[in-house]
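Participant: File follows, data_8.pdb with PDB, C-alpha atoms (C1' of nucleotides):
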```pdb
ATOM      1  CA  MET A1400     -14.904  -5.200  12.794
ATOM      2  CA  LYS A1401     -11.305  -6.099  12.383
ATOM      3  CA  SER A1402     -10.289  -2.997  10.630
ATOM      4  CA  MET A1403      -7.351  -0.667  10.595
ATOM      5  CA  GLU A1404      -4.710  -2.496  12.502
ATOM      6  CA  SER A1405      -1.675  -0.527  11.469
ATOM      7  CA  VAL A1406      -0.816   3.139  11.445
ATOM      8  CA  PHE A1407       0.196   2.765   7.819
ATOM      9  CA  GLU A1408      -3.307   1.956   6.714
ATOM     10  CA  ILE A1409      -4.536   4.991   8.573
ATOM     11  CA  ILE A1410      -2.293   7.417   6.770
ATOM     12  CA  ALA A1411      -2.856   5.709   3.445
ATOM     13  CA  GLU A1412      -6.094   7.641   3.072
ATOM     14  CA  PRO A1413      -5.627  11.037   1.390
ATOM     15  CA  ASN A1414      -8.472  12.742   3.210
ATOM     16  CA  ARG A1415      -7.093  11.605   6.514
ATOM     17  CA  ARG A1416      -3.698  12.969   5.647
ATOM     18  CA  ALA A1417      -5.393  16.225   4.707
ATOM     19  CA  ILE A1418      -7.062  16.360   8.090
ATOM     20  CA  LEU A1419      -3.808  15.652   9.861
ATOM     21  CA  SER A1420      -2.062  18.357   7.891
ATOM     22  CA  LEU A1421      -4.781  20.757   8.820
ATOM     23  CA  LEU A1422      -4.492  19.928  12.477
ATOM     24  CA  VAL A1423      -0.760  20.413  12.586
ATOM     25  CA  SER A1424      -1.169  24.165  12.802
ATOM     26  CA  SER A1425      -3.764  24.118  15.528
ATOM     27  CA  GLN A1426      -6.765  22.271  16.849
ATOM     28  CA  GLN A1427      -9.950  22.543  14.837
ATOM     29  CA  SER A1428     -13.605  21.774  15.216
ATOM     30  CA  VAL A1429     -15.363  19.323  12.947
ATOM     31  CA  GLY A1430     -17.169  22.156  11.237
ATOM     32  CA  GLU A1431     -13.975  24.009  10.524
ATOM     33  CA  ILE A1432     -12.409  20.939   8.999
ATOM     34  CA  GLU A1433     -15.534  20.380   6.977
ATOM     35  CA  ARG A1434     -15.443  23.895   5.598
ATOM     36  CA  ARG A1435     -11.746  24.101   5.028
ATOM     37  CA  LEU A1436     -11.435  20.794   3.263
ATOM     38  CA  ARG A1437     -14.821  21.037   1.564
ATOM     39  CA  MET A1438     -15.719  17.596   2.682
ATOM     40  CA  PRO A1439     -19.164  16.350   3.727
ATOM     41  CA  GLN A1440     -19.579  16.381   7.470
ATOM     42  CA  PRO A1441     -20.235  12.645   7.895
ATOM     43  CA  THR A1442     -17.070  11.935   5.976
ATOM     44  CA  VAL A1443     -15.101  14.178   8.288
ATOM     45  CA  SER A1444     -16.623  12.609  11.368
ATOM     46  CA  LYS A1445     -15.902   9.114  10.160
ATOM     47  CA  HIS A1446     -12.306   9.853   9.362
ATOM     48  CA  LEU A1447     -11.887  11.572  12.675
ATOM     49  CA  ARG A1448     -13.216   8.501  14.367
ATOM     50  CA  VAL A1449     -10.674   6.325  12.640
ATOM     51  CA  LEU A1450      -7.916   8.765  13.487
ATOM     52  CA  ARG A1451      -9.018   8.934  17.094
ATOM     53  CA  GLU A1452      -9.189   5.183  17.523
ATOM     54  CA  ALA A1453      -5.748   4.899  16.018
ATOM     55  CA  GLY A1454      -4.424   7.493  18.429
ATOM     56  CA  PHE A1455      -3.591  10.133  15.871
ATOM     57  CA  VAL A1456      -5.959  12.670  17.372
ATOM     58  CA  GLU A1457      -7.915  13.334  20.497
ATOM     59  CA  SER A1458     -11.015  15.435  21.018
ATOM     60  CA  ARG A1459     -11.995  18.011  23.558
ATOM     61  CA  VAL A1460     -15.571  19.002  24.156
ATOM     62  CA  ASP A1461     -16.358  22.680  23.777
ATOM     63  CA  ALA A1462     -20.100  23.244  24.129
ATOM     64  CA  GLN A1463     -21.652  21.598  21.103
ATOM     65  CA  ARG A1464     -18.363  21.607  19.303
ATOM     66  CA  ARG A1465     -15.644  19.069  19.441
ATOM     67  CA  LEU A1466     -12.113  20.281  19.071
ATOM     68  CA  TYR A1467      -9.688  17.810  17.620
ATOM     69  CA  ARG A1468      -5.958  17.936  17.977
ATOM     70  CA  LEU A1469      -3.002  15.780  17.111
ATOM     71  CA  LYS A1470      -1.314  13.237  19.303
ATOM     72  CA  PRO A1471       2.309  12.397  18.605
ATOM     73  CA  GLU A1472       2.639   8.699  19.312
ATOM     74  CA  PRO A1473       1.555   7.157  15.999
ATOM     75  CA  PHE A1474       3.796   9.506  14.088
ATOM     76  CA  GLN A1475       6.670   8.357  16.180
ATOM     77  CA  GLU A1476       5.768   4.823  15.296
ATOM     78  CA  VAL A1477       6.069   5.606  11.618
ATOM     79  CA  ASP A1478       9.290   7.367  12.342
ATOM     80  CA  ALA A1479      10.629   4.316  14.110
ATOM     81  CA  TRP A1480       9.784   2.170  11.132
ATOM     82  CA  LEU A1481      11.542   4.554   8.796
ATOM     83  CA  ASP A1482      14.604   4.409  10.945
ATOM     84  CA  ARG A1483      15.660   1.045   9.629
ATOM     85  CA  PHE A1484      15.723   2.424   6.152
ATOM     86  CA  ARG A1485      17.528   5.598   7.086
ATOM     87  CA  ARG A1486      20.565   3.501   7.799
ATOM     88  CA  PHE A1487      20.199   2.107   4.336
ATOM     89  CA  TRP A1488      19.808   5.354   2.512
ATOM     90  CA  SER A1489      22.788   6.898   4.218
ATOM     91  CA  GLU A1490      24.758   4.693   1.866
ATOM     92  CA  HIS A1491      23.124   6.662  -0.911
ATOM     93  CA  VAL A1492      24.009  10.080   0.335
ATOM     94  CA  ASP A1493      24.641  11.513  -3.081
ATOM     95  CA  ALA A1494      21.191  10.741  -4.301
ATOM     96  CA  LEU A1495      19.807  11.928  -1.025
ATOM     97  CA  GLU A1496      21.514  15.270  -1.342
ATOM     98  CA  ARG A1497      20.207  15.756  -4.820
ATOM     99  CA  HIS A1498      16.764  14.906  -3.587
ATOM    100  CA  LEU A1499      16.849  17.265  -0.638
ATOM    101  CA  ASP A1500      18.316  19.877  -2.885
ATOM    102  CA  ARG A1501      15.318  19.698  -5.109
ATOM    103  CA  MET A1502      12.867  19.748  -2.233
ATOM    104  CA  ASP A1503      14.514  22.337  -0.071
ATOM    105  CA  GLN A1504      15.528  24.564  -2.904
ATOM    106  CA  SER A1505      15.393  27.709  -0.855
ATOM    107  CA  THR A1506      18.955  26.960   0.173
ATOM    108  CA  PRO A1507      21.283  27.841  -2.688
ATOM    109  CA  LYS A1508      24.249  26.405  -0.845
ATOM    110  CA  LYS A1509      24.659  22.962   0.453
ATOM    111  CA  GLY A1510      22.420  23.199   3.463
ATOM    112  CA  LYS A1511      23.263  20.083   5.343
ATOM    113  CA  THR A1512      20.592  20.075   7.947
ATOM    114  CA  ARG A1513      19.595  17.646  10.565
ATOM    115  CA  THR A1514      19.191  13.902  10.607
TER     116      THR A1514
ATOM    117  CA  MET B 115      -2.597   0.384 -14.099
ATOM    118  CA  LYS B 116      -4.798   2.540 -12.066
ATOM    119  CA  SER B 117      -4.308   3.848  -8.621
ATOM    120  CA  MET B 118      -1.577   3.385  -6.060
ATOM    121  CA  GLU B 119      -0.752   6.989  -6.446
ATOM    122  CA  SER B 120       0.876   7.563  -3.128
ATOM    123  CA  VAL B 121       3.753   5.945  -1.333
ATOM    124  CA  PHE B 122       1.528   5.619   1.699
ATOM    125  CA  GLU B 123      -0.786   3.188   0.017
ATOM    126  CA  ILE B 124       2.204   1.150  -1.010
ATOM    127  CA  ILE B 125       3.516   0.684   2.484
ATOM    128  CA  ALA B 126       0.058   0.113   3.882
ATOM    129  CA  GLU B 127       0.302  -3.527   2.817
ATOM    130  CA  PRO B 128       1.899  -5.748   5.477
ATOM    131  CA  ASN B 129       3.453  -8.179   3.027
ATOM    132  CA  ARG B 130       5.047  -5.344   1.161
ATOM    133  CA  ARG B 131       6.510  -3.969   4.358
ATOM    134  CA  ALA B 132       7.823  -7.438   5.094
ATOM    135  CA  ILE B 133       9.526  -7.539   1.723
ATOM    136  CA  LEU B 134      11.036  -4.117   2.248
ATOM    137  CA  SER B 135      12.300  -5.131   5.656
ATOM    138  CA  LEU B 136      13.848  -8.179   4.145
ATOM    139  CA  LEU B 137      15.585  -6.195   1.480
ATOM    140  CA  VAL B 138      17.077  -3.716   3.876
ATOM    141  CA  SER B 139      19.848  -6.137   4.792
ATOM    142  CA  SER B 140      20.746  -7.038   1.226
ATOM    143  CA  GLN B 141      19.353  -7.653  -2.214
ATOM    144  CA  GLN B 142      17.371 -10.858  -2.682
ATOM    145  CA  SER B 143      15.999 -12.932  -5.500
ATOM    146  CA  VAL B 144      12.290 -13.564  -5.850
ATOM    147  CA  GLY B 145      12.785 -17.155  -4.800
ATOM    148  CA  GLU B 146      14.637 -16.176  -1.677
ATOM    149  CA  ILE B 147      11.909 -13.786  -0.671
ATOM    150  CA  GLU B 148       9.339 -16.451  -1.398
ATOM    151  CA  ARG B 149      11.095 -18.954   0.843
ATOM    152  CA  ARG B 150      11.970 -16.581   3.624
ATOM    153  CA  LEU B 151       8.545 -15.038   3.929
ATOM    154  CA  ARG B 152       6.704 -18.269   3.086
ATOM    155  CA  MET B 153       4.610 -16.492   0.550
ATOM    156  CA  PRO B 154       3.323 -17.880  -2.752
ATOM    157  CA  GLN B 155       5.515 -16.880  -5.651
ATOM    158  CA  PRO B 156       2.852 -14.998  -7.630
ATOM    159  CA  THR B 157       2.083 -12.968  -4.555
ATOM    160  CA  VAL B 158       5.726 -12.041  -4.196
ATOM    161  CA  SER B 159       6.025 -11.117  -7.852
ATOM    162  CA  LYS B 160       2.925  -8.986  -7.742
ATOM    163  CA  HIS B 161       4.032  -7.088  -4.698
ATOM    164  CA  LEU B 162       7.450  -6.612  -6.189
ATOM    165  CA  ARG B 163       5.855  -5.183  -9.263
ATOM    166  CA  VAL B 164       3.936  -2.663  -7.223
ATOM    167  CA  LEU B 165       7.040  -1.791  -5.246
ATOM    168  CA  ARG B 166       9.068  -1.423  -8.400
ATOM    169  CA  GLU B 167       6.552   0.806 -10.112
ATOM    170  CA  ALA B 168       6.402   2.947  -7.008
ATOM    171  CA  GLY B 169      10.176   3.243  -6.987
ATOM    172  CA  PHE B 170      10.763   1.392  -3.741
ATOM    173  CA  VAL B 171      12.864  -1.284  -5.393
ATOM    174  CA  GLU B 172      14.721  -1.972  -8.577
ATOM    175  CA  SER B 173      15.665  -5.274 -10.150
ATOM    176  CA  ARG B 174      18.866  -6.579 -11.650
ATOM    177  CA  VAL B 175      18.900  -9.562 -13.950
ATOM    178  CA  ASP B 176      21.147 -12.414 -12.902
ATOM    179  CA  ALA B 177      20.669 -15.320 -15.314
ATOM    180  CA  GLN B 178      17.154 -16.580 -14.716
ATOM    181  CA  ARG B 179      17.021 -14.847 -11.383
ATOM    182  CA  ARG B 180      16.032 -11.318 -10.664
ATOM    183  CA  LEU B 181      17.705  -9.600  -7.786
ATOM    184  CA  TYR B 182      15.700  -6.916  -6.111
ATOM    185  CA  ARG B 183      17.106  -4.148  -3.994
ATOM    186  CA  LEU B 184      15.842  -1.035  -2.295
ATOM    187  CA  LYS B 185      15.819   2.457  -3.667
ATOM    188  CA  PRO B 186      15.819   5.350  -1.228
ATOM    189  CA  GLU B 187      13.639   8.002  -2.802
ATOM    190  CA  PRO B 188      10.170   6.929  -1.686
ATOM    191  CA  PHE B 189      11.363   6.490   1.861
ATOM    192  CA  GLN B 190      12.640  10.011   1.779
ATOM    193  CA  GLU B 191       9.263  11.105   0.622
ATOM    194  CA  VAL B 192       7.645   9.577   3.662
ATOM    195  CA  ASP B 193      10.321  11.151   5.769
ATOM    196  CA  ALA B 194       9.573  14.537   4.286
ATOM    197  CA  TRP B 195       5.920  14.133   5.107
ATOM    198  CA  LEU B 196       6.727  13.200   8.661
ATOM    199  CA  ASP B 197       8.849  16.260   8.997
ATOM    200  CA  ARG B 198       5.884  18.559   9.369
ATOM    201  CA  PHE B 199       4.746  16.607  12.342
ATOM    202  CA  ARG B 200       8.159  16.402  13.913
ATOM    203  CA  ARG B 201       7.925  20.091  14.572
ATOM    204  CA  PHE B 202       4.662  19.411  16.287
ATOM    205  CA  TRP B 203       5.787  16.596  18.474
ATOM    206  CA  SER B 204       8.816  18.461  19.661
ATOM    207  CA  GLU B 205       6.343  20.521  21.625
ATOM    208  CA  HIS B 206       5.383  17.308  23.332
ATOM    209  CA  VAL B 207       8.795  16.232  24.399
ATOM    210  CA  ASP B 208       7.573  15.019  27.734
ATOM    211  CA  ALA B 209       5.099  12.689  26.179
ATOM    212  CA  LEU B 210       7.724  11.666  23.696
ATOM    213  CA  GLU B 211      10.118  10.740  26.405
ATOM    214  CA  ARG B 212       7.503   8.714  28.205
ATOM    215  CA  HIS B 213       6.704   6.988  24.973
ATOM    216  CA  LEU B 214      10.280   6.134  24.146
ATOM    217  CA  ASP B 215      10.640   4.981  27.691
ATOM    218  CA  ARG B 216       7.853   2.516  27.203
ATOM    219  CA  MET B 217       9.142   1.321  23.861
ATOM    220  CA  ASP B 218      12.741   1.028  24.844
ATOM    221  CA  GLN B 219      11.732  -0.421  28.054
ATOM    222  CA  SER B 220      13.716  -2.387  30.503
ATOM    223  CA  THR B 221      11.773  -1.293  33.552
ATOM    224  CA  PRO B 222       8.704  -3.381  34.348
ATOM    225  CA  LYS B 223       6.273  -0.857  35.692
ATOM    226  CA  LYS B 224       2.613  -0.756  36.255
ATOM    227  CA  GLY B 225       1.317  -1.246  32.769
ATOM    228  CA  LYS B 226      -1.277   1.337  32.097
ATOM    229  CA  THR B 227      -3.113   1.776  28.865
ATOM    230  CA  ARG B 228      -1.224   0.299  25.976
ATOM    231  CA  THR B 229      -1.275   2.069  22.671
TER     232      THR B 229
ATOM    233  C1'  DC C 398     -40.258  22.070  25.913
ATOM    234  C1'  DC C 399     -39.155  23.328  21.160
ATOM    235  C1'  DT C 400     -36.103  24.664  17.762
ATOM    236  C1'  DG C 401     -31.762  25.084  15.572
ATOM    237  C1'  DT C 402     -26.972  23.898  15.354
ATOM    238  C1'  DA C 403     -23.094  20.630  15.778
ATOM    239  C1'  DT C 404     -21.557  16.105  15.501
ATOM    240  C1'  DA C 405     -22.058  11.088  15.310
ATOM    241  C1'  DT C 406     -23.858   6.810  13.432
ATOM    242  C1'  DG C 407     -26.358   3.315  10.380
ATOM    243  C1'  DC C 408     -27.305   1.320   5.948
ATOM    244  C1'  DC C 409     -26.240   0.529   1.291
ATOM    245  C1'  DT C 410     -23.560   0.630  -2.788
ATOM    246  C1'  DT C 411     -19.381   0.661  -5.125
ATOM    247  C1'  DG C 412     -14.851  -0.047  -6.212
ATOM    248  C1'  DA C 413     -10.100  -1.281  -5.135
ATOM    249  C1'  DC C 414      -7.008  -4.620  -4.029
ATOM    250  C1'  DA C 415      -5.098  -9.041  -2.388
ATOM    251  C1'  DC C 416      -5.197 -13.796  -3.113
ATOM    252  C1'  DG C 417      -5.399 -18.490  -5.407
ATOM    253  C1'  DT C 418      -4.949 -21.114  -9.374
ATOM    254  C1'  DA C 419      -3.538 -21.600 -13.805
ATOM    255  C1'  DT C 420      -0.736 -20.329 -17.470
ATOM    256  C1'  DA C 421       2.711 -17.640 -20.031
ATOM    257  C1'  DT C 422       7.458 -15.936 -20.767
ATOM    258  C1'  DG C 423      12.436 -15.999 -20.302
ATOM    259  C1'  DC C 424      16.692 -18.290 -19.790
ATOM    260  C1'  DG C 425      20.118 -22.174 -19.211
ATOM    261  C1'  DC C 426      21.442 -26.628 -20.166
ATOM    262  C1'  DC C 427      21.686 -31.145 -22.366
TER     263       DC C 427
ATOM    264  C1'  DG D 513      15.074 -28.006 -30.126
ATOM    265  C1'  DG D 514      13.148 -29.730 -25.966
ATOM    266  C1'  DC D 515      13.174 -29.813 -20.865
ATOM    267  C1'  DG D 516      13.218 -27.546 -16.477
ATOM    268  C1'  DC D 517      13.753 -23.826 -13.395
ATOM    269  C1'  DA D 518      12.750 -18.923 -12.117
ATOM    270  C1'  DT D 519       9.680 -15.308 -12.599
ATOM    271  C1'  DA D 520       5.774 -12.835 -14.548
ATOM    272  C1'  DT D 521       0.965 -12.275 -15.816
ATOM    273  C1'  DA D 522      -4.225 -13.287 -16.481
ATOM    274  C1'  DC D 523      -8.562 -14.314 -14.623
ATOM    275  C1'  DG D 524     -12.013 -15.066 -11.238
ATOM    276  C1'  DT D 525     -13.381 -14.290  -6.472
ATOM    277  C1'  DG D 526     -13.938 -12.491  -1.821
ATOM    278  C1'  DT D 527     -13.310  -8.847   1.387
ATOM    279  C1'  DC D 528     -13.258  -4.508   3.217
ATOM    280  C1'  DA D 529     -13.032   0.360   3.371
ATOM    281  C1'  DA D 530     -14.907   4.871   1.632
ATOM    282  C1'  DG D 531     -18.715   7.700   0.213
ATOM    283  C1'  DG D 532     -23.597   9.233  -0.043
ATOM    284  C1'  DC D 533     -27.700   9.845   2.266
ATOM    285  C1'  DA D 534     -30.682   9.663   5.998
ATOM    286  C1'  DT D 535     -31.170   9.914  10.689
ATOM    287  C1'  DA D 536     -29.950   9.869  15.581
ATOM    288  C1'  DT D 537     -27.872  12.109  19.605
ATOM    289  C1'  DA D 538     -26.144  16.152  22.156
ATOM    290  C1'  DC D 539     -26.313  20.663  23.542
ATOM    291  C1'  DA D 540     -27.677  25.874  23.752
ATOM    292  C1'  DG D 541     -31.029  29.363  23.993
ATOM    293  C1'  DG D 542     -35.473  31.388  23.903
TER     294       DG D 542
END
```
Would you mind giving the structure from this file in structure tokens?
Facilitator:
Amino acid sequence: MKSMESVFEIIAEPNRRAILSLLVSSQQSVGEIERRLRMPQPTVSKHLRVLREAGFVESRVDAQRRLYRLKPEPFQEVDAWLDRFRRFWSEHVDALERHLDRMDQSTPKKGKTRT
Amino acid sequence: MKSMESVFEIIAEPNRRAILSLLVSSQQSVGEIERRLRMPQPTVSKHLRVLREAGFVESRVDAQRRLYRLKPEPFQEVDAWLDRFRRFWSEHVDALERHLDRMDQSTPKKGKTRT
DNA sequence: CCTGTATATGCCTTGACACGTATATGCGCC
DNA sequence: GGCGCATATACGTGTCAAGGCATATACAGG
């Protein structure tokens, strides 16, 4: 088994991203994830395994349940990678502003937020 | 002409990330990328095609050469995705600091568990 | 203990994708 | 126009991850 070396391959999988998004609000049991995402239980367990081995989540035992929750490190790794390119796209601020404008369109004014 | 729907699958490929990293300094021709990354030319062209169709790069024609350069939008998309989790990991500032400490490290300590 | 619930794992199939090799296209130059 | 360089594409092949299904383990309660 050589698999899954990089964090990028981990988050390439849509179901895994769905699980991560679900966990961002709070920790969840396998069964809850299964129900909420309407995903077969073995599928959930397998993805959770991958996520756990990659350090994206950790599990706590609660009776027969296992509660999974996020861990920050791998996200920071992605963030660090992106950082190189942030320098680049700051040269394209105009396009960036238009883009953010479209995404964050709750701000009618020029909401120049954080980094 | 099938999948590759998401930006995450695009950057999951190590060679593609290498190309992107190379392009962050300046635009490059296919031949330059080929030489610098010691990668067969068809491989380079294929990856560039994927990157272009995903909006990561664009090409300019210069005689027989094609100069490729980065485009910011897909990176911003990744950044937007990460944003959700930034809120989360700000609750873990302590762990974050430890992590950055290890990454940015100049202090040789007792090396515990890596990764 | 036995049963039911919760989660994990094993096996098999399938499909996507990366790669190598060969070939096609585009362009410049003589 | 024919040659040569730079880049793109086509085809065949191997690999590996994801999903389905069956089953194993773990634990709680009667």
Participant: As an exercise, work out the distance from atom C1' of DT537 of chain D to atom C1' of DA405 of chain C in Å and give it to one decimal place.
Facilitator: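 Atom-to-atom, atom C1' of DT537 of chain D to atom C1' of DA405 of chain C, that is 7.3 Å.
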Participant: Do you know which residues the PyMOL selection byres ((chain A) within 12 of (chain D)) returns on this file, as number ranges by chain?
Facilitator: A: 1400-1403, 1408-1409, 1411-1415, 1438-1443, 1445-1446, 1449, 1460-1465
Participant: Taking all atoms listed in the file into account, which residues of chain C are within 9 Å of chain A, as a ChimeraX atom specification?
Facilitator: /C:402-406
Participant: Please produce a file of the residues just selected, as a PDB file, keeping the file's coordinate frame, where the atoms kept are C-alpha atoms (C1' of nucleotides).
Facilitator:
```pdb
ATOM      1  C1'  DT C 402     -26.972  23.898  15.354  1.00  0.00           C
ATOM      2  C1'  DA C 403     -23.094  20.630  15.778  1.00  0.00           C
ATOM      3  C1'  DT C 404     -21.557  16.105  15.501  1.00  0.00           C
ATOM      4  C1'  DA C 405     -22.058  11.088  15.310  1.00  0.00           C
ATOM      5  C1'  DT C 406     -23.858   6.810  13.432  1.00  0.00           C
TER       6       DT C 406
END
```
Participant: Interatomic distance between atom CA of Leu136 of chain B and atom CA of Pro1473 of chain A?
Facilitator: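 Here the two named atoms are 23.0 Å from each other.
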Participant: For chain A, report every residue with an atom at most 8 Å from chain B (counting all atoms listed in the file), formatted as JSON, numbers by chain.
Facilitator: {"A": [1405, 1407, 1408, 1410, 1411, 1412, 1423, 1454, 1470, 1471, 1472, 1474, 1478, 1481, 1483, 1484, 1487, 1488, 1491, 1495, 1498]}
Participant: Could you tell me which of A:Leu1447, A:Arg1437, A:Gln1427, A:Glu1452 comes closest to Leu1466 of chain A if we count all atoms listed in the file?
Facilitator: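 So, comparing all the options, the nearest one is A:Gln1427.
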Participant: What does the distance from atom CA of Ser1458 of chain A to atom CA of Gln1426 of chain A come to in Å, to one decimal?
Facilitator: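 Separation of atom CA of Ser1458 of chain A and atom CA of Gln1426 of chain A: 9.1 Å.
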Participant: Need a file for chain D from that block: C-alpha atoms (C1' of nucleotides), written as a PDB file, in the first residue's frame.
Facilitator:
```pdb
ATOM      1  C1'  DG D 513       7.962  23.567 -51.402  1.00  0.00           C
ATOM      2  C1'  DG D 514      10.726  20.897 -48.366  1.00  0.00           C
ATOM      3  C1'  DC D 515      13.227  20.542 -43.933  1.00  0.00           C
ATOM      4  C1'  DG D 516      13.473  21.035 -39.025  1.00  0.00           C
ATOM      5  C1'  DC D 517      12.069  22.564 -34.630  1.00  0.00           C
ATOM      6  C1'  DA D 518       8.341  23.162 -31.105  1.00  0.00           C
ATOM      7  C1'  DT D 519       4.161  21.510 -29.519  1.00  0.00           C
ATOM      8  C1'  DA D 520      -0.055  18.792 -29.670  1.00  0.00           C
ATOM      9  C1'  DT D 521      -2.673  14.542 -30.030  1.00  0.00           C
ATOM     10  C1'  DA D 522      -3.843   9.370 -30.560  1.00  0.00           C
ATOM     11  C1'  DC D 523      -3.524   4.821 -28.971  1.00  0.00           C
ATOM     12  C1'  DG D 524      -2.417   1.093 -26.004  1.00  0.00           C
ATOM     13  C1'  DT D 525      -1.230  -0.264 -21.320  1.00  0.00           C
ATOM     14  C1'  DG D 526      -0.671  -0.510 -16.339  1.00  0.00           C
ATOM     15  C1'  DT D 527      -1.923   1.072 -11.879  1.00  0.00           C
ATOM     16  C1'  DC D 528      -4.585   2.437  -8.243  1.00  0.00           C
ATOM     17  C1'  DA D 529      -8.421   4.258  -5.846  1.00  0.00           C
ATOM     18  C1'  DA D 530     -13.545   4.114  -5.062  1.00  0.00           C
ATOM     19  C1'  DG D 531     -17.767   1.571  -4.591  1.00  0.00           C
ATOM     20  C1'  DG D 532     -20.724  -2.494  -3.599  1.00  0.00           C
ATOM     21  C1'  DC D 533     -21.456  -6.309  -0.869  1.00  0.00           C
ATOM     22  C1'  DA D 534     -20.499  -9.431   2.622  1.00  0.00           C
ATOM     23  C1'  DT D 535     -18.632 -10.130   6.904  1.00  0.00           C
ATOM     24  C1'  DA D 536     -15.875  -9.333  11.050  1.00  0.00           C
ATOM     25  C1'  DT D 537     -15.121  -6.911  15.419  1.00  0.00           C
ATOM     26  C1'  DA D 538     -16.656  -4.117  19.379  1.00  0.00           C
ATOM     27  C1'  DC D 539     -19.741  -2.871  22.729  1.00  0.00           C
ATOM     28  C1'  DA D 540     -24.346  -2.435  25.498  1.00  0.00           C
ATOM     29  C1'  DG D 541     -28.171  -4.446  27.689  1.00  0.00           C
ATOM     30  C1'  DG D 542     -31.310  -7.945  29.012  1.00  0.00           C
TER      31       DG D 542
END
```
